[in-house]
Amino acid sequence: MCSGEIIQTQRRFDLKLTTADYYRIIEMKTAALFTAACELGAFISEASPSVIGSFKTFGTKLGVAYQIYDDILDLAGSEEETGKTLGTDLQKGKFTLPVLLMLQSGKDVSALRDMLLNDDPGAHTALAAILQEAGTIENAKTIANRFISEALEQLQGVQDNRYARGLHSIPEHLRGLLKKL
């Protein structure tokens, strides 16, 4: 997790950051935490190696989906509903999936680049509107939902019990949160 944080800090305000770079960073940070929790849970329960592997992949996919959701929330959420200050990723120069999708869209993004590199705290609303209009926030939601589906696929072979149902409920809850954005 620390390595991911260091890389993310080094890549602040980096307009050449790719979506592949972004995924690598979030897999090293948020997804690594989810992965460890799920894998260790299966290991401690003395599950078979295949179940441990499935839980590990489940955690990774869920962690990536959660981070994408959190990144969208920073752009499209409501401070009243979330209880947190929004727009902080952009202020800190952390370019998240909706921004990267726009930068790599092939469209004229010169105005967006200027806004991203400008230190104007009020630019958050304008940036969010540009990303919303361009559809990159919706695209990011679609990608997060794909990761949720991939996470749920990992639970197909798991014996049905209250713990498995609990695991299923987590990505389903995340899917519900994405729909609200």
# chains A, B, ... in the order shown; residues from 1 in each chain; ligands from 1

$ residues_around --residues "stretch 40-55 of chain A" --least-positions-apart "4" --cutoff "9 Å" --atoms "only C-alpha atoms" --output "PDB file with C-alpha atoms, in the first residue's frame"
ATOM      1  CA  THR A  35      -7.338  -8.545  -1.369  1.00  0.00           C
ATOM      2  CA  ALA A  36      -5.488  -9.214   1.867  1.00  0.00           C
ATOM      3  CA  GLY A  59     -11.020  -8.871  -3.025  1.00  0.00           C
ATOM      4  CA  THR A  60      -8.916  -7.370  -5.804  1.00  0.00           C
ATOM      5  CA  ALA A 151     -15.865 -10.031  -8.261  1.00  0.00           C
ATOM      6  CA  GLU A 153     -18.166 -14.401 -10.468  1.00  0.00           C
ATOM      7  CA  GLN A 154     -15.421 -15.440  -8.056  1.00  0.00           C
ATOM      8  CA  LEU A 155     -18.042 -16.459  -5.502  1.00  0.00           C
ATOM      9  CA  GLY A 157     -18.222 -21.954  -6.504  1.00  0.00           C
ATOM     10  CA  VAL A 158     -18.467 -20.957  -2.843  1.00  0.00           C
TER      11      VAL A 158
END

$ select_by_dssp --residues "stretch 7-179 of chain A" --states "helix (DSSP H, G or I)" --output "number ranges by chain"
A: 7-10, 19-28, 30-44, 49-76, 79-82, 88-91, 97-103, 110-117, 123-134, 136-153, 162-179

$ write_last_selection --atoms "C-alpha atoms" --output "tab-separated table (two decimals), in the first residue's frame"
chain	number	residue	atom	x	y	z
A	7	ILE	CA	3.84	6.18	-6.89
A	8	GLN	CA	0.60	8.15	-6.77
A	9	THR	CA	2.39	11.05	-5.07
A	10	GLN	CA	5.16	10.95	-7.67
A	19	THR	CA	-5.48	4.22	-17.21
A	20	ALA	CA	-3.07	1.26	-16.92
A	21	ASP	CA	-0.96	3.35	-14.49
A	22	TYR	CA	-4.12	4.26	-12.58
A	23	TYR	CA	-5.18	0.61	-12.22
A	24	ARG	CA	-1.70	-0.38	-11.08
A	25	ILE	CA	-1.77	2.34	-8.41
A	26	ILE	CA	-5.21	1.45	-7.06
A	27	GLU	CA	-4.39	-2.26	-7.13
A	28	MET	CA	-1.38	-1.48	-4.94
A	30	THR	CA	-7.18	0.08	-1.98
A	31	ALA	CA	-7.40	-3.24	-3.81
A	32	ALA	CA	-4.40	-4.59	-1.89
A	33	LEU	CA	-6.25	-4.01	1.38
A	34	PHE	CA	-9.41	-5.71	0.11
A	35	THR	CA	-7.34	-8.54	-1.37
A	36	ALA	CA	-5.49	-9.21	1.87
A	37	ALA	CA	-8.67	-9.19	3.93
A	38	CYS	CA	-10.46	-11.63	1.64
A	39	GLU	CA	-7.52	-13.93	1.07
A	40	LEU	CA	-6.64	-14.09	4.76
A	41	GLY	CA	-10.26	-14.74	5.70
A	42	ALA	CA	-10.32	-17.78	3.43
A	43	PHE	CA	-6.87	-18.91	4.60
A	44	ILE	CA	-7.75	-18.66	8.30
A	49	PRO	CA	-6.29	-23.33	-2.32
A	50	SER	CA	-8.83	-22.75	-5.11
A	51	VAL	CA	-11.25	-21.01	-2.73
A	52	ILE	CA	-8.41	-18.93	-1.29
A	53	GLY	CA	-7.50	-17.90	-4.86
A	54	SER	CA	-11.11	-17.04	-5.63
A	55	PHE	CA	-11.38	-14.91	-2.50
A	56	LYS	CA	-8.12	-13.18	-3.35
A	57	THR	CA	-9.40	-12.29	-6.83
A	58	PHE	CA	-12.78	-11.31	-5.35
A	59	GLY	CA	-11.02	-8.87	-3.02
A	60	THR	CA	-8.92	-7.37	-5.80
A	61	LYS	CA	-11.89	-6.84	-8.12
A	62	LEU	CA	-14.03	-5.44	-5.32
A	63	GLY	CA	-11.22	-3.13	-4.18
A	64	VAL	CA	-10.76	-1.74	-7.68
A	65	ALA	CA	-14.52	-1.22	-8.04
A	66	TYR	CA	-14.69	0.51	-4.67
A	67	GLN	CA	-11.83	2.87	-5.52
A	68	ILE	CA	-13.46	3.79	-8.83
A	69	TYR	CA	-16.70	4.48	-6.94
A	70	ASP	CA	-14.83	6.66	-4.44
A	71	ASP	CA	-13.16	8.55	-7.29
A	72	ILE	CA	-16.52	9.17	-8.97
A	73	LEU	CA	-17.98	10.24	-5.65
A	74	ASP	CA	-15.24	12.88	-5.35
A	75	LEU	CA	-16.48	14.37	-8.64
A	76	ALA	CA	-20.21	13.71	-8.69
A	79	GLU	CA	-20.93	16.90	0.37
A	80	GLU	CA	-24.15	16.83	2.40
A	81	GLU	CA	-24.72	13.15	1.61
A	82	THR	CA	-21.12	11.97	1.84
A	88	THR	CA	-9.82	16.94	-3.08
A	89	ASP	CA	-8.35	14.44	-5.58
A	90	LEU	CA	-8.19	17.13	-8.26
A	91	GLN	CA	-6.80	19.72	-5.87
A	97	LEU	CA	-10.50	7.28	-13.91
A	98	PRO	CA	-13.13	9.78	-15.15
A	99	VAL	CA	-10.42	12.41	-15.74
A	100	LEU	CA	-8.08	9.93	-17.43
A	101	LEU	CA	-10.86	8.65	-19.68
A	102	MET	CA	-11.46	12.22	-20.80
A	103	LEU	CA	-7.78	12.99	-21.31
A	110	SER	CA	-6.90	21.75	-23.77
A	111	ALA	CA	-9.44	23.54	-21.55
A	112	LEU	CA	-9.59	20.51	-19.27
A	113	ARG	CA	-5.80	20.36	-19.02
A	114	ASP	CA	-5.65	24.05	-18.10
A	115	MET	CA	-8.27	23.52	-15.39
A	116	LEU	CA	-6.47	20.47	-14.01
A	117	LEU	CA	-3.18	22.31	-13.71
A	123	ALA	CA	-12.71	24.67	-10.73
A	124	HIS	CA	-14.09	21.45	-9.21
A	125	THR	CA	-17.68	22.20	-10.24
A	126	ALA	CA	-16.71	23.15	-13.79
A	127	LEU	CA	-14.51	20.07	-14.14
A	128	ALA	CA	-17.25	17.79	-12.87
A	129	ALA	CA	-19.68	19.33	-15.38
A	130	ILE	CA	-17.23	18.78	-18.26
A	131	LEU	CA	-16.70	15.15	-17.27
A	132	GLN	CA	-20.43	14.59	-16.81
A	133	GLU	CA	-21.23	16.09	-20.20
A	134	ALA	CA	-18.48	14.08	-21.90
A	136	THR	CA	-16.66	9.84	-18.67
A	137	ILE	CA	-18.33	9.64	-15.26
A	138	GLU	CA	-20.91	7.23	-16.73
A	139	ASN	CA	-18.11	5.29	-18.43
A	140	ALA	CA	-16.31	5.00	-15.10
A	141	LYS	CA	-19.53	3.71	-13.49
A	142	THR	CA	-19.80	1.08	-16.22
A	143	ILE	CA	-16.22	0.00	-15.60
A	144	ALA	CA	-16.83	-0.19	-11.83
A	145	ASN	CA	-19.91	-2.32	-12.46
A	146	ARG	CA	-17.84	-4.62	-14.66
A	147	PHE	CA	-15.37	-5.11	-11.80
A	148	ILE	CA	-18.28	-5.79	-9.43
A	149	SER	CA	-19.59	-8.48	-11.79
A	150	GLU	CA	-16.12	-10.00	-12.05
A	151	ALA	CA	-15.87	-10.03	-8.26
A	152	LEU	CA	-19.22	-11.77	-7.91
A	153	GLU	CA	-18.17	-14.40	-10.47
A	162	ARG	CA	-24.76	-16.85	5.65
A	163	TYR	CA	-21.11	-15.85	5.23
A	164	ALA	CA	-21.21	-16.30	1.46
A	165	ARG	CA	-24.46	-14.32	1.33
A	166	GLY	CA	-22.73	-11.61	3.37
A	167	LEU	CA	-19.89	-11.50	0.84
A	168	HIS	CA	-22.40	-11.28	-2.01
A	169	SER	CA	-24.14	-8.36	-0.31
A	170	ILE	CA	-21.01	-6.18	-0.28
A	171	PRO	CA	-20.58	-5.79	-4.06
A	172	GLU	CA	-24.35	-5.57	-4.49
A	173	HIS	CA	-24.43	-2.71	-1.99
A	174	LEU	CA	-21.61	-1.00	-3.90
A	175	ARG	CA	-23.61	-1.42	-7.11
A	176	GLY	CA	-26.52	0.33	-5.40
A	177	LEU	CA	-24.27	3.20	-4.32
A	178	LEU	CA	-23.05	3.63	-7.90
A	179	LYS	CA	-26.65	3.89	-9.13

$ atom_distance --atom1 "atom CA of A:Leu181" --atom2 "atom CA of A:Phe95"
19.0 Å

$ decode --residues "stretch 145-165 of chain A" --atoms "N, CA and C atoms" --output "PDB file, in the first residue's frame"
ATOM      1  N   ASN A 145     -18.922  -1.233 -12.456  1.00  0.00           N
ATOM      2  CA  ASN A 145     -19.914  -2.317 -12.456  1.00  0.00           C
ATOM      3  C   ASN A 145     -19.349  -3.587 -13.073  1.00  0.00           C
ATOM      4  N   ARG A 146     -18.489  -3.448 -14.069  1.00  0.00           N
ATOM      5  CA  ARG A 146     -17.842  -4.625 -14.662  1.00  0.00           C
ATOM      6  C   ARG A 146     -16.956  -5.314 -13.615  1.00  0.00           C
ATOM      7  N   PHE A 147     -16.202  -4.528 -12.847  1.00  0.00           N
ATOM      8  CA  PHE A 147     -15.366  -5.111 -11.796  1.00  0.00           C
ATOM      9  C   PHE A 147     -16.226  -5.774 -10.710  1.00  0.00           C
ATOM     10  N   ILE A 148     -17.365  -5.186 -10.408  1.00  0.00           N
ATOM     11  CA  ILE A 148     -18.280  -5.794  -9.432  1.00  0.00           C
ATOM     12  C   ILE A 148     -18.755  -7.152  -9.943  1.00  0.00           C
ATOM     13  N   SER A 149     -19.150  -7.212 -11.201  1.00  0.00           N
ATOM     14  CA  SER A 149     -19.591  -8.483 -11.788  1.00  0.00           C
ATOM     15  C   SER A 149     -18.473  -9.520 -11.765  1.00  0.00           C
ATOM     16  N   GLU A 150     -17.261  -9.087 -12.083  1.00  0.00           N
ATOM     17  CA  GLU A 150     -16.118 -10.005 -12.054  1.00  0.00           C
ATOM     18  C   GLU A 150     -15.836 -10.488 -10.630  1.00  0.00           C
ATOM     19  N   ALA A 151     -16.039  -9.622  -9.658  1.00  0.00           N
ATOM     20  CA  ALA A 151     -15.865 -10.031  -8.261  1.00  0.00           C
ATOM     21  C   ALA A 151     -16.906 -11.086  -7.892  1.00  0.00           C
ATOM     22  N   LEU A 152     -18.154 -10.833  -8.242  1.00  0.00           N
ATOM     23  CA  LEU A 152     -19.224 -11.769  -7.913  1.00  0.00           C
ATOM     24  C   LEU A 152     -19.018 -13.128  -8.581  1.00  0.00           C
ATOM     25  N   GLU A 153     -18.452 -13.140  -9.780  1.00  0.00           N
ATOM     26  CA  GLU A 153     -18.166 -14.401 -10.468  1.00  0.00           C
ATOM     27  C   GLU A 153     -17.243 -15.286  -9.633  1.00  0.00           C
ATOM     28  N   GLN A 154     -16.368 -14.679  -8.870  1.00  0.00           N
ATOM     29  CA  GLN A 154     -15.421 -15.440  -8.056  1.00  0.00           C
ATOM     30  C   GLN A 154     -16.109 -16.202  -6.926  1.00  0.00           C
ATOM     31  N   LEU A 155     -17.328 -15.815  -6.601  1.00  0.00           N
ATOM     32  CA  LEU A 155     -18.042 -16.459  -5.502  1.00  0.00           C
ATOM     33  C   LEU A 155     -18.969 -17.573  -5.974  1.00  0.00           C
ATOM     34  N   GLN A 156     -18.994 -17.831  -7.276  1.00  0.00           N
ATOM     35  CA  GLN A 156     -19.928 -18.826  -7.817  1.00  0.00           C
ATOM     36  C   GLN A 156     -19.717 -20.221  -7.236  1.00  0.00           C
ATOM     37  N   GLY A 157     -18.494 -20.612  -7.008  1.00  0.00           N
ATOM     38  CA  GLY A 157     -18.222 -21.954  -6.504  1.00  0.00           C
ATOM     39  C   GLY A 157     -18.228 -22.061  -4.993  1.00  0.00           C
ATOM     40  N   VAL A 158     -18.506 -20.965  -4.307  1.00  0.00           N
ATOM     41  CA  VAL A 158     -18.467 -20.957  -2.843  1.00  0.00           C
ATOM     42  C   VAL A 158     -19.785 -21.516  -2.306  1.00  0.00           C
ATOM     43  N   GLN A 159     -19.665 -22.399  -1.329  1.00  0.00           N
ATOM     44  CA  GLN A 159     -20.845 -23.010  -0.721  1.00  0.00           C
ATOM     45  C   GLN A 159     -21.774 -21.934  -0.155  1.00  0.00           C
ATOM     46  N   ASP A 160     -23.063 -22.080  -0.408  1.00  0.00           N
ATOM     47  CA  ASP A 160     -24.039 -21.098   0.070  1.00  0.00           C
ATOM     48  C   ASP A 160     -24.220 -21.243   1.583  1.00  0.00           C
ATOM     49  N   ASN A 161     -23.973 -20.149   2.272  1.00  0.00           N
ATOM     50  CA  ASN A 161     -24.230 -20.068   3.706  1.00  0.00           C
ATOM     51  C   ASN A 161     -24.342 -18.581   4.055  1.00  0.00           C
ATOM     52  N   ARG A 162     -24.552 -18.258   5.285  1.00  0.00           N
ATOM     53  CA  ARG A 162     -24.760 -16.853   5.650  1.00  0.00           C
ATOM     54  C   ARG A 162     -23.515 -16.003   5.390  1.00  0.00           C
ATOM     55  N   TYR A 163     -22.332 -16.598   5.474  1.00  0.00           N
ATOM     56  CA  TYR A 163     -21.106 -15.850   5.228  1.00  0.00           C
ATOM     57  C   TYR A 163     -20.964 -15.539   3.737  1.00  0.00           C
ATOM     58  N   ALA A 164     -21.267 -16.509   2.909  1.00  0.00           N
ATOM     59  CA  ALA A 164     -21.214 -16.302   1.460  1.00  0.00           C
ATOM     60  C   ALA A 164     -22.251 -15.254   1.052  1.00  0.00           C
ATOM     61  N   ARG A 165     -23.429 -15.320   1.640  1.00  0.00           N
ATOM     62  CA  ARG A 165     -24.464 -14.319   1.329  1.00  0.00           C
ATOM     63  C   ARG A 165     -23.993 -12.927   1.778  1.00  0.00           C
TER      64      ARG A 165
END
